[in-house]
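Shown below: work-v9.cif, with mmCIF, C-alpha atoms and all ligand atoms.
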data_model
#
loop_
_atom_site.label_atom_id
_atom_site.label_comp_id
_atom_site.auth_asym_id
_atom_site.auth_seq_id
_atom_site.Cartn_x
_atom_site.Cartn_y
_atom_site.Cartn_z
CA MET O 1 115.63 69.32 116.53
CA SER O 2 115.40 71.08 113.15
CA LEU O 3 117.91 71.16 110.30
CA ASP O 4 119.82 73.95 112.08
CA GLY O 5 120.05 72.26 115.49
CA LEU O 6 117.46 74.59 117.05
CA PRO O 7 114.03 73.43 118.28
CA PRO O 8 111.20 73.18 115.70
CA LEU O 9 109.36 76.49 115.23
CA ARG O 10 106.06 75.01 116.43
CA ASP O 11 107.73 74.24 119.79
CA VAL O 12 109.27 77.73 119.92
CA ILE O 13 105.85 79.32 119.33
CA ALA O 14 104.19 77.13 121.96
CA ARG O 15 106.94 77.63 124.56
CA HIS O 16 106.95 81.45 124.17
CA ASP O 17 103.16 81.65 123.73
CA LEU O 18 103.42 83.50 120.39
CA SER O 19 99.79 83.29 119.31
CA ALA O 20 99.54 85.30 116.07
CA LYS O 21 98.24 88.87 116.29
CA LYS O 22 96.29 90.00 113.25
CA ALA O 23 96.93 93.70 113.91
CA LEU O 24 100.69 93.06 113.49
CA GLY O 25 100.20 91.12 110.23
CA GLN O 26 101.48 87.94 111.86
CA ASN O 27 101.33 85.05 109.39
CA PHE O 28 104.31 82.89 110.26
CA LEU O 29 106.34 80.56 108.04
CA LEU O 30 107.23 77.44 110.01
CA ASP O 31 108.81 75.26 107.31
CA LEU O 32 112.59 75.77 107.25
CA ASN O 33 112.81 74.30 103.73
CA LEU O 34 110.51 77.06 102.54
CA THR O 35 112.26 79.87 104.41
CA SER O 36 115.60 78.56 103.07
CA LYS O 37 114.19 78.78 99.54
CA ILE O 38 113.38 82.45 100.16
CA ALA O 39 116.84 83.06 101.66
CA ARG O 40 118.53 81.45 98.62
CA ALA O 41 116.44 83.60 96.25
CA ALA O 42 118.17 86.65 97.73
CA GLY O 43 121.56 85.63 96.26
CA ASP O 44 124.92 85.18 97.98
CA LEU O 45 124.43 86.23 101.60
CA SER O 46 127.96 85.54 102.81
CA THR O 47 129.17 88.82 101.30
CA HIS O 48 126.32 90.97 102.69
CA ASP O 49 124.65 92.23 105.83
CA VAL O 50 120.96 91.32 105.70
CA LEU O 51 118.17 93.52 107.02
CA GLU O 52 115.06 91.58 108.00
CA VAL O 53 111.86 93.36 108.97
CA GLY O 54 109.53 91.41 111.26
CA PRO O 55 111.46 88.25 112.18
CA GLY O 56 108.59 87.05 114.43
CA PRO O 57 109.52 83.68 115.95
CA GLY O 58 112.57 83.54 113.64
CA GLY O 59 111.77 81.12 110.81
CA LEU O 60 113.22 83.25 108.02
CA THR O 61 115.95 84.61 110.32
CA ARG O 62 117.19 81.08 110.98
CA ALA O 63 117.18 80.30 107.26
CA LEU O 64 119.17 83.46 106.47
CA LEU O 65 121.80 82.49 109.05
CA MET O 66 121.83 78.84 107.95
CA GLU O 67 122.34 79.97 104.34
CA GLY O 68 125.44 81.88 105.45
CA ALA O 69 124.43 85.52 105.94
CA ARG O 70 127.46 87.51 107.12
CA LYS O 71 125.22 89.28 109.65
CA VAL O 72 121.44 89.66 110.07
CA VAL O 73 119.93 92.80 111.57
CA ALA O 74 116.30 92.04 112.44
CA VAL O 75 113.75 94.67 113.48
CA GLU O 76 110.70 93.36 115.33
CA ARG O 77 107.86 95.37 116.79
CA ASP O 78 106.35 92.63 118.96
CA PRO O 79 108.33 92.32 122.23
CA ARG O 80 106.87 88.83 122.80
CA CYS O 81 109.17 87.53 120.01
CA LEU O 82 112.42 88.74 121.58
CA PRO O 83 113.17 85.74 123.87
CA ALA O 84 112.82 83.34 120.91
CA LEU O 85 115.11 85.54 118.81
CA THR O 86 117.65 85.75 121.64
CA GLU O 87 117.92 81.94 121.48
CA VAL O 88 118.65 82.14 117.75
CA ALA O 89 121.28 84.84 118.37
CA ALA O 90 123.00 82.61 120.96
CA HIS O 91 123.15 79.76 118.40
CA TYR O 92 124.90 82.05 115.86
CA PRO O 93 127.26 84.15 118.03
CA GLY O 94 127.93 87.64 116.69
CA ARG O 95 125.81 87.17 113.56
CA LEU O 96 122.30 88.24 114.65
CA GLU O 97 121.41 91.66 116.02
CA VAL O 98 117.78 92.03 117.09
CA ILE O 99 116.32 95.51 117.38
CA GLU O 100 112.98 95.98 119.10
CA GLY O 101 111.07 98.68 117.25
CA ASP O 102 108.86 99.81 114.42
CA ALA O 103 110.66 99.47 111.07
CA LEU O 104 108.85 102.61 109.86
CA LYS O 105 110.39 104.66 112.66
CA THR O 106 113.81 103.10 113.28
CA ASP O 107 117.01 104.40 111.71
CA LEU O 108 118.81 101.23 110.69
CA GLY O 109 121.74 102.82 108.87
CA PRO O 110 124.13 102.70 111.85
CA HIS O 111 123.48 98.97 112.34
CA LEU O 112 124.33 97.87 108.78
CA ILE O 113 127.61 97.59 106.91
CA SER O 114 127.44 97.84 103.12
CA PRO O 115 126.69 95.89 100.93
CA VAL O 116 123.21 95.13 102.21
CA ARG O 117 120.40 92.86 101.11
CA ILE O 118 116.89 93.24 102.52
CA VAL O 119 114.92 90.01 102.94
CA ALA O 120 111.53 89.88 104.67
CA ASN O 121 108.17 88.20 105.00
CA LEU O 122 106.60 91.60 105.45
CA PRO O 123 103.60 92.49 107.54
CA TYR O 124 101.07 93.18 104.78
CA ASN O 125 99.80 96.41 106.33
CA VAL O 126 103.19 98.15 105.97
CA GLY O 127 104.74 96.24 103.05
CA THR O 128 104.00 98.71 100.25
CA GLU O 129 104.97 101.71 102.36
CA LEU O 130 108.33 100.14 103.23
CA LEU O 131 108.97 99.20 99.59
CA VAL O 132 108.31 102.76 98.38
CA ARG O 133 110.53 104.20 101.12
CA TRP O 134 113.37 101.82 100.27
CA ILE O 135 113.17 102.62 96.57
CA GLU O 136 112.81 106.38 96.98
CA GLY O 137 115.18 106.72 99.94
CA PRO O 138 118.97 106.59 100.22
CA PRO O 139 120.38 103.65 98.23
CA PHE O 140 121.84 101.67 101.17
CA TRP O 141 120.79 98.28 99.73
CA ASP O 142 121.61 96.16 96.65
CA THR O 143 118.63 93.79 96.57
CA LEU O 144 115.17 93.36 98.09
CA THR O 145 113.64 89.88 98.40
CA LEU O 146 110.20 90.39 99.84
CA MET O 147 106.92 88.60 100.44
CA PHE O 148 103.80 90.46 99.39
CA GLN O 149 100.18 89.69 98.77
CA LYS O 150 100.10 88.41 95.18
CA GLU O 151 98.03 91.43 94.13
CA VAL O 152 100.85 93.77 95.25
CA ALA O 153 103.49 91.60 93.55
CA ASP O 154 101.42 91.82 90.34
CA ARG O 155 101.49 95.61 90.59
CA ILE O 156 105.28 95.69 91.09
CA ILE O 157 106.09 93.63 87.98
CA ALA O 158 103.14 94.78 85.80
CA GLN O 159 103.63 95.67 82.15
CA PRO O 160 101.79 98.42 80.18
CA GLY O 161 98.35 97.47 78.91
CA THR O 162 97.37 95.57 82.07
CA SER O 163 95.08 96.67 84.89
CA ALA O 164 97.87 96.09 87.47
CA TYR O 165 100.17 98.60 85.70
CA GLY O 166 100.49 101.84 87.65
CA ARG O 167 102.73 104.01 89.82
CA LEU O 168 104.24 101.09 91.74
CA ALA O 169 105.37 99.35 88.52
CA ILE O 170 106.89 102.60 87.20
CA LEU O 171 108.72 103.32 90.46
CA ALA O 172 110.03 99.76 90.91
CA GLN O 173 111.01 99.09 87.30
CA TRP O 174 112.61 102.50 86.74
CA THR O 175 115.25 101.83 89.39
CA CYS O 176 115.30 98.02 89.68
CA GLU O 177 115.21 94.75 87.82
CA ALA O 178 112.02 93.29 89.34
CA ARG O 179 110.79 89.71 89.07
CA ARG O 180 108.42 87.32 90.83
CA VAL O 181 110.32 84.38 92.32
CA PHE O 182 107.40 82.13 93.32
CA ASP O 183 103.86 82.14 94.71
CA LEU O 184 102.82 80.66 98.04
CA PRO O 185 99.32 79.40 98.89
CA PRO O 186 97.65 80.56 102.13
CA SER O 187 98.28 77.08 103.61
CA ALA O 188 102.05 77.79 103.72
CA PHE O 189 101.46 80.22 106.63
CA THR O 190 100.32 79.86 110.24
CA PRO O 191 97.64 81.15 110.51
CA PRO O 192 96.78 81.16 106.77
CA PRO O 193 96.03 84.60 105.29
CA LYS O 194 92.99 85.02 103.01
CA VAL O 195 94.99 85.45 99.80
CA THR O 196 97.90 83.96 97.82
CA SER O 197 101.33 85.50 98.48
CA SER O 198 104.33 86.03 96.18
CA VAL O 199 108.04 86.47 96.76
CA VAL O 200 109.44 89.29 94.64
CA HIS O 201 113.13 89.99 94.01
CA LEU O 202 114.26 93.50 93.09
CA ALA O 203 117.89 94.22 92.17
CA ARG O 204 118.85 97.89 92.15
CA LEU O 205 120.17 99.11 88.79
CA PRO O 206 123.41 101.18 88.83
CA GLU O 207 121.41 104.05 87.26
CA PRO O 208 117.66 104.51 86.68
CA ARG O 209 116.70 102.79 83.42
CA PHE O 210 115.98 106.10 81.58
CA PRO O 211 116.97 109.65 82.58
CA ALA O 212 114.25 111.70 84.29
CA ASN O 213 113.79 113.94 87.31
CA PRO O 214 112.15 111.71 89.97
CA ARG O 215 109.82 114.48 91.17
CA THR O 216 108.59 115.28 87.65
CA LEU O 217 108.12 111.60 86.82
CA SER O 218 106.16 111.16 90.06
CA GLN O 219 103.95 114.20 89.29
CA ILE O 220 103.13 112.82 85.85
CA THR O 221 102.37 109.28 86.99
CA ALA O 222 100.32 110.53 89.97
CA ALA O 223 98.19 112.71 87.69
CA GLY O 224 97.94 110.06 84.96
CA PHE O 225 97.10 107.06 87.12
CA ASN O 226 94.89 108.84 89.66
CA GLN O 227 92.48 109.33 86.78
CA ARG O 228 93.44 106.25 84.81
CA ARG O 229 90.21 106.12 82.79
CA LYS O 230 90.83 109.62 81.40
CA MET O 231 92.85 110.49 78.29
CA LEU O 232 96.26 111.93 79.13
CA ARG O 233 95.52 115.29 77.48
CA SER O 234 92.86 115.72 80.15
CA SER O 235 94.44 114.00 83.22
CA LEU O 236 97.79 115.83 82.71
CA LYS O 237 96.32 119.18 81.61
CA SER O 238 97.00 120.89 84.93
CA LEU O 239 100.77 120.19 84.68
CA HIS O 240 101.41 122.46 81.66
CA PRO O 241 99.29 124.62 79.31
CA ASP O 242 100.91 122.99 76.24
CA MET O 243 100.51 119.40 77.47
CA GLU O 244 98.93 118.17 74.23
CA GLU O 245 101.98 119.35 72.22
CA LEU O 246 104.38 117.92 74.82
CA LEU O 247 102.70 114.52 74.58
CA GLN O 248 102.94 114.60 70.81
CA SER O 249 106.59 115.70 70.90
CA VAL O 250 107.55 112.45 72.68
CA GLY O 251 105.33 110.22 70.54
CA ILE O 252 102.44 109.74 72.99
CA ALA O 253 98.96 110.20 71.49
CA PRO O 254 97.11 112.81 73.61
CA THR O 255 94.08 110.48 73.55
CA GLU O 256 96.11 107.67 75.16
CA ARG O 257 95.47 106.49 78.75
CA ALA O 258 98.26 106.18 81.33
CA GLU O 259 97.75 102.42 81.54
CA ARG O 260 99.14 101.95 78.01
CA VAL O 261 102.21 104.21 78.21
CA SER O 262 105.64 102.60 78.63
CA LEU O 263 108.14 103.56 81.33
CA GLU O 264 110.47 104.88 78.62
CA ALA O 265 107.74 107.17 77.22
CA PHE O 266 106.83 108.48 80.72
CA CYS O 267 110.52 109.34 81.27
CA ALA O 268 110.69 111.12 77.89
CA LEU O 269 107.58 113.11 78.85
CA ALA O 270 109.14 114.04 82.23
CA ARG O 271 112.23 115.41 80.42
CA ALA O 272 110.08 117.32 77.89
CA LEU O 273 107.96 118.80 80.71
CA ASP O 274 111.05 119.96 82.62
CA ALA O 275 112.48 121.54 79.45
CA ALA O 276 109.16 123.30 78.72
CA ARG O 277 108.92 124.61 82.28
CA LYS O 278 112.46 126.02 82.06
CA GLY O 279 111.93 127.49 78.60
N1 LIG O 301 109.38 86.59 109.54
C1 LIG O 301 108.38 85.81 110.24
C2 LIG O 301 108.01 84.61 109.41
O1 LIG O 301 108.28 84.63 108.20
O2 LIG O 301 107.43 83.67 109.96
C3 LIG O 301 107.16 86.64 110.58
C4 LIG O 301 106.47 87.32 109.43
S1 LIG O 301 104.93 88.08 109.83
C5 LIG O 301 104.19 88.12 108.24
C6 LIG O 301 105.32 89.83 110.04
C7 LIG O 301 106.15 90.18 111.27
O3 LIG O 301 106.39 91.60 111.27
C8 LIG O 301 105.50 89.89 112.60
O4 LIG O 301 106.40 89.24 113.45
C9 LIG O 301 105.12 91.28 113.18
O5 LIG O 301 105.12 91.33 114.59
C10 LIG O 301 106.21 92.14 112.57
N2 LIG O 301 105.84 93.56 112.39
C11 LIG O 301 104.63 94.09 112.10
N3 LIG O 301 104.70 95.42 111.93
C12 LIG O 301 106.02 95.75 112.10
C13 LIG O 301 106.73 96.98 112.05
N4 LIG O 301 106.13 98.15 111.77
N5 LIG O 301 108.06 96.96 112.30
C14 LIG O 301 108.70 95.78 112.58
N6 LIG O 301 108.06 94.59 112.63
C15 LIG O 301 106.74 94.57 112.40
#

The structure given in the file should be rewritten as structure tokens.
Ligand code: SAM
Amino acid sequence: MSLDGLPPLRDVIARHDLSAKKALGQNFLLDLNLTSKIARAAGDLSTHDVLEVGPGPGGLTRALLMEGARKVVAVERDPRCLPALTEVAAHYPGRLEVIEGDALKTDLGPHLISPVRIVANLPYNVGTELLVRWIEGPPFWDTLTLMFQKEVADRIIAQPGTSAYGRLAILAQWTCEARRVFDLPPSAFTPPPKVTSSVVHLARLPEPRFPANPRTLSQITAAGFNQRRKMLRSSLKSLHPDMEELLQSVGIAPTERAERVSLEAFCALARALDAARKG
């Protein structure tokens, strides 16, 4: 038996024949001490419903329940995992709801009661897409504690002047406090992925860090970072005929590249661009 009185995950995987499928991004965490560390990084779970994407054989799910989650709603695309998850649900009556489906296509709102934390060892092929949707979509969650490839985690927490700094850093840090919690070597997973992974914790801010229209900010960062080697006066030229003056008016040198511009300065430029378009 494991710490939680359920069979060890290796036995669960063998009994239900859950050989990992690469196409579903299946790299399982089998060490309950490790999954508990991730669950604790999410904060107090007893006051929240937890949304987990991709519970697989249930390693992280079990840790979330063991660490006291009020309720876990887990969305899993692979039907082979459902019998194993049903066993976990029986061990924690009324606290685990398993939904079979694709997290990108399932409306989870009706299953969750606010406040909500999202905690997941995400399938790498859909991780960034889910993150962007959660940040840009309706604010139904307080915190995200998510496993990514280290390279994606680097892009989420990147600071200006680094090659990882780009649209993802702007989006995440504009609306959230974002930090890396810890890195995990490939050997922590079964089967091991090719690269190092990182757990990232994002806590939603009550308001975006600086005022700006999200669409305008997105237009500017898309244009600026899609041509990140170009000077801003050239990469942003198509957004307004007086772009050079607008850049100067908010203290950004027109010869600067997007990679070196702070979040605060991008927001100031978004406000100046909106004002110029209205005027
Ligand atoms: N949480 C488990 C763990 O930590 O051991 C499994 C994590 S594994 C990296 C990703 C899981 O997400 C797999 O179980 C996979 O079947 C599931 N998955 C992949 N794509 C999905 C999707 N679009 N919606 C829901 N689950 C998905």

Could you produce a table of the residues of chain O lying within 8 Å of ligand LIG 301 (chain O), with the nearest pair of atoms per residue and their separation in Å rounded to one decimal, using all atoms listed in the file, ordered by chain and increasing residue number, as JSON lines?
{"residue": "O:Lys21", "atom": "CA", "partner": "O:LIG301", "partner_atom": "O5", "distance": 7.5}
{"residue": "O:Ala23", "atom": "CA", "partner": "O:LIG301", "partner_atom": "C11", "distance": 7.9}
{"residue": "O:Leu24", "atom": "CA", "partner": "O:LIG301", "partner_atom": "C11", "distance": 4.3}
{"residue": "O:Gly25", "atom": "CA", "partner": "O:LIG301", "partner_atom": "C6", "distance": 5.3}
{"residue": "O:Gln26", "atom": "CA", "partner": "O:LIG301", "partner_atom": "S1", "distance": 4.0}
{"residue": "O:Asn27", "atom": "CA", "partner": "O:LIG301", "partner_atom": "C5", "distance": 4.4}
{"residue": "O:Phe28", "atom": "CA", "partner": "O:LIG301", "partner_atom": "O2", "distance": 3.2}
{"residue": "O:Leu29", "atom": "CA", "partner": "O:LIG301", "partner_atom": "O2", "distance": 3.8}
{"residue": "O:Leu30", "atom": "CA", "partner": "O:LIG301", "partner_atom": "O2", "distance": 6.2}
{"residue": "O:Thr35", "atom": "CA", "partner": "O:LIG301", "partner_atom": "O1", "distance": 7.3}
{"residue": "O:Glu52", "atom": "CA", "partner": "O:LIG301", "partner_atom": "N1", "distance": 7.7}
{"residue": "O:Val53", "atom": "CA", "partner": "O:LIG301", "partner_atom": "C14", "distance": 5.4}
{"residue": "O:Gly54", "atom": "CA", "partner": "O:LIG301", "partner_atom": "O3", "distance": 3.1}
{"residue": "O:Pro55", "atom": "CA", "partner": "O:LIG301", "partner_atom": "N1", "distance": 3.7}
{"residue": "O:Gly56", "atom": "CA", "partner": "O:LIG301", "partner_atom": "O4", "distance": 3.2}
{"residue": "O:Pro57", "atom": "CA", "partner": "O:LIG301", "partner_atom": "C1", "distance": 6.2}
{"residue": "O:Gly58", "atom": "CA", "partner": "O:LIG301", "partner_atom": "C1", "distance": 5.9}
{"residue": "O:Gly59", "atom": "CA", "partner": "O:LIG301", "partner_atom": "O2", "distance": 5.1}
{"residue": "O:Leu60", "atom": "CA", "partner": "O:LIG301", "partner_atom": "O1", "distance": 5.1}
{"residue": "O:Thr61", "atom": "CA", "partner": "O:LIG301", "partner_atom": "N1", "distance": 6.9}
{"residue": "O:Val75", "atom": "CA", "partner": "O:LIG301", "partner_atom": "C14", "distance": 5.2}
{"residue": "O:Glu76", "atom": "CA", "partner": "O:LIG301", "partner_atom": "N6", "distance": 4.0}
{"residue": "O:Arg77", "atom": "CA", "partner": "O:LIG301", "partner_atom": "N6", "distance": 4.2}
{"residue": "O:Asp78", "atom": "CA", "partner": "O:LIG301", "partner_atom": "O5", "distance": 4.7}
{"residue": "O:Cys81", "atom": "CA", "partner": "O:LIG301", "partner_atom": "O4", "distance": 7.3}
{"residue": "O:Glu100", "atom": "CA", "partner": "O:LIG301", "partner_atom": "C14", "distance": 7.8}
{"residue": "O:Gly101", "atom": "CA", "partner": "O:LIG301", "partner_atom": "C14", "distance": 6.0}
{"residue": "O:Asp102", "atom": "CA", "partner": "O:LIG301", "partner_atom": "N5", "distance": 3.6}
{"residue": "O:Ala103", "atom": "CA", "partner": "O:LIG301", "partner_atom": "N5", "distance": 3.8}
{"residue": "O:Leu104", "atom": "CA", "partner": "O:LIG301", "partner_atom": "N4", "distance": 5.6}
{"residue": "O:Lys105", "atom": "CA", "partner": "O:LIG301", "partner_atom": "N4", "distance": 7.8}
{"residue": "O:Ala120", "atom": "CA", "partner": "O:LIG301", "partner_atom": "N1", "distance": 6.3}
{"residue": "O:Asn121", "atom": "CA", "partner": "O:LIG301", "partner_atom": "O1", "distance": 4.8}
{"residue": "O:Leu122", "atom": "CA", "partner": "O:LIG301", "partner_atom": "C5", "distance": 5.1}
{"residue": "O:Pro123", "atom": "CA", "partner": "O:LIG301", "partner_atom": "C6", "distance": 4.0}
{"residue": "O:Tyr124", "atom": "CA", "partner": "O:LIG301", "partner_atom": "C5", "distance": 6.9}
{"residue": "O:Asn125", "atom": "CA", "partner": "O:LIG301", "partner_atom": "N3", "distance": 7.5}
{"residue": "O:Val126", "atom": "CA", "partner": "O:LIG301", "partner_atom": "N4", "distance": 6.5}
{"residue": "O:Phe189", "atom": "CA", "partner": "O:LIG301", "partner_atom": "O2", "distance": 7.7}

Best match for closeness to Ala90 in chain O among O:Phe140, O:Leu34, O:Lys278, O:Leu6, counting only C-alpha atoms: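 Distance minimum relative to Ala90 in chain O lands on O:Leu6.
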
Distance criterion (all atoms listed in the file): nearest to Cys176 in chain O out of O:Lys194, O:Arg209, O:Lys150, O:Arg271: O:Arg209

For a quick check of understanding, using all atoms listed in the file, which of O:Ser19, O:Ser46, O:Thr190, O:Gln219 has the smallest distance to Val72 in chain O?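 Looking at the shortest contact to Val72 in chain O, the residue is O:Ser46.
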
At most 9 Å from (104.1, 122.4, 87.1), file frame, only C-alpha atoms: which residues, as a PDB file with C-alpha atoms, in the coordinates of the input?
ATOM      1  CA  THR O 216     108.590 115.280  87.650  1.00  0.00           C
ATOM      2  CA  GLN O 219     103.950 114.200  89.290  1.00  0.00           C
ATOM      3  CA  SER O 238      97.000 120.890  84.930  1.00  0.00           C
ATOM      4  CA  LEU O 239     100.770 120.190  84.680  1.00  0.00           C
ATOM      5  CA  HIS O 240     101.410 122.460  81.660  1.00  0.00           C
ATOM      6  CA  LEU O 273     107.960 118.800  80.710  1.00  0.00           C
ATOM      7  CA  ASP O 274     111.050 119.960  82.620  1.00  0.00           C
ATOM      8  CA  ARG O 277     108.920 124.610  82.280  1.00  0.00           C
TER       9      ARG O 277
END

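Here CA of Ser262 in chain O is placed at a distance of 17.4 Å from CA of Arg179 in chain O.
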
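One finds CA of Val250 in chain O at 6.2 Å from CA of Leu269 in chain O.
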
Report, in Å with one decimal, the straight-line distance from CA of Thr162 in chain O to CA of Glu256 in chain O.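 Pair CA of Thr162 in chain O / CA of Glu256 in chain O returns 14.0 Å.
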
Can you list, as an MDAnalysis selection string, every protein, DNA or RNA residue that comes within 10 Å of Glu264 in chain O when you count all atoms listed in the file, leaving out same-chain residues fewer than 4 positions away? chainID O and resid 170 174 209:212 268:270

12 Å contact set for Val152 in chain O, only C-alpha atoms, chain neighbours under 3 positions out, as a VMD selection string: chain O and resid 122 124 to 129 131 146 to 149 155 to 158 164 to 169 172 180 195 to 200

Just C-alpha atoms for this one: save the residues we selected as a compact mmCIF listing (two decimals), in the frame of the given file.
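The result, written out as part.txt:
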# COMPACT_ATOMS: atom_id res chain seq x y z
CA LEU O 122 106.60 91.60 105.45
CA TYR O 124 101.07 93.18 104.78
CA ASN O 125 99.80 96.41 106.33
CA VAL O 126 103.19 98.15 105.97
CA GLY O 127 104.74 96.24 103.05
CA THR O 128 104.00 98.71 100.25
CA GLU O 129 104.97 101.71 102.36
CA LEU O 131 108.97 99.20 99.59
CA LEU O 146 110.20 90.39 99.84
CA MET O 147 106.92 88.60 100.44
CA PHE O 148 103.80 90.46 99.39
CA GLN O 149 100.18 89.69 98.77
CA ARG O 155 101.49 95.61 90.59
CA ILE O 156 105.28 95.69 91.09
CA ILE O 157 106.09 93.63 87.98
CA ALA O 158 103.14 94.78 85.80
CA ALA O 164 97.87 96.09 87.47
CA TYR O 165 100.17 98.60 85.70
CA GLY O 166 100.49 101.84 87.65
CA ARG O 167 102.73 104.01 89.82
CA LEU O 168 104.24 101.09 91.74
CA ALA O 169 105.37 99.35 88.52
CA ALA O 172 110.03 99.76 90.91
CA ARG O 180 108.42 87.32 90.83
CA VAL O 195 94.99 85.45 99.80
CA THR O 196 97.90 83.96 97.82
CA SER O 197 101.33 85.50 98.48
CA SER O 198 104.33 86.03 96.18
CA VAL O 199 108.04 86.47 96.76
CA VAL O 200 109.44 89.29 94.64

Between O:Pro214, O:Gly161, O:Pro186, O:Pro206, smallest distance to Glu259 in chain O by all atoms listed in the file belongs to O:Gly161

Would you mind listing what lies within 12 Å of Pro138 in chain O as a ChimeraX atom specification, with all atoms listed in the file counted and same-chain residues fewer than 3 positions away left out? /O:107-109,132-135,141-142,204

Mind completing range 205-217 of chain O with N, CA and C atoms? Output as a PDB file, in the coordinates of the input, please?
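Writing done, so here's result_10.pdb:
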ATOM      1  N   LEU O 205     119.338  98.840  89.961  1.00  0.00           N
ATOM      2  CA  LEU O 205     120.170  99.110  88.790  1.00  0.00           C
ATOM      3  C   LEU O 205     121.214 100.173  89.164  1.00  0.00           C
ATOM      4  N   PRO O 206     122.399 100.161  88.509  1.00  0.00           N
ATOM      5  CA  PRO O 206     123.410 101.180  88.830  1.00  0.00           C
ATOM      6  C   PRO O 206     122.881 102.606  88.594  1.00  0.00           C
ATOM      7  N   GLU O 207     122.043 102.757  87.580  1.00  0.00           N
ATOM      8  CA  GLU O 207     121.410 104.050  87.260  1.00  0.00           C
ATOM      9  C   GLU O 207     119.951 103.764  86.950  1.00  0.00           C
ATOM     10  N   PRO O 208     119.037 104.738  87.146  1.00  0.00           N
ATOM     11  CA  PRO O 208     117.660 104.510  86.680  1.00  0.00           C
ATOM     12  C   PRO O 208     117.684 104.143  85.185  1.00  0.00           C
ATOM     13  N   ARG O 209     116.695 103.366  84.778  1.00  0.00           N
ATOM     14  CA  ARG O 209     116.700 102.790  83.420  1.00  0.00           C
ATOM     15  C   ARG O 209     116.717 103.873  82.329  1.00  0.00           C
ATOM     16  N   PHE O 210     115.988 104.982  82.536  1.00  0.00           N
ATOM     17  CA  PHE O 210     115.980 106.100  81.580  1.00  0.00           C
ATOM     18  C   PHE O 210     116.117 107.391  82.366  1.00  0.00           C
ATOM     19  N   PRO O 211     116.825 108.409  81.806  1.00  0.00           N
ATOM     20  CA  PRO O 211     116.970 109.650  82.580  1.00  0.00           C
ATOM     21  C   PRO O 211     115.630 110.345  82.796  1.00  0.00           C
ATOM     22  N   ALA O 212     115.437 110.884  83.962  1.00  0.00           N
ATOM     23  CA  ALA O 212     114.250 111.700  84.290  1.00  0.00           C
ATOM     24  C   ALA O 212     114.433 112.237  85.698  1.00  0.00           C
ATOM     25  N   ASN O 213     113.794 113.395  85.959  1.00  0.00           N
ATOM     26  CA  ASN O 213     113.790 113.940  87.310  1.00  0.00           C
ATOM     27  C   ASN O 213     112.724 113.165  88.111  1.00  0.00           C
ATOM     28  N   PRO O 214     113.114 112.540  89.243  1.00  0.00           N
ATOM     29  CA  PRO O 214     112.150 111.710  89.970  1.00  0.00           C
ATOM     30  C   PRO O 214     110.875 112.450  90.359  1.00  0.00           C
ATOM     31  N   ARG O 215     111.015 113.732  90.732  1.00  0.00           N
ATOM     32  CA  ARG O 215     109.820 114.480  91.170  1.00  0.00           C
ATOM     33  C   ARG O 215     108.862 114.708  90.005  1.00  0.00           C
ATOM     34  N   THR O 216     109.445 115.038  88.826  1.00  0.00           N
ATOM     35  CA  THR O 216     108.590 115.280  87.650  1.00  0.00           C
ATOM     36  C   THR O 216     107.916 113.976  87.226  1.00  0.00           C
ATOM     37  N   LEU O 217     108.687 112.896  87.205  1.00  0.00           N
ATOM     38  CA  LEU O 217     108.120 111.600  86.820  1.00  0.00           C
ATOM     39  C   LEU O 217     106.976 111.230  87.781  1.00  0.00           C
TER      40      LEU O 217
END
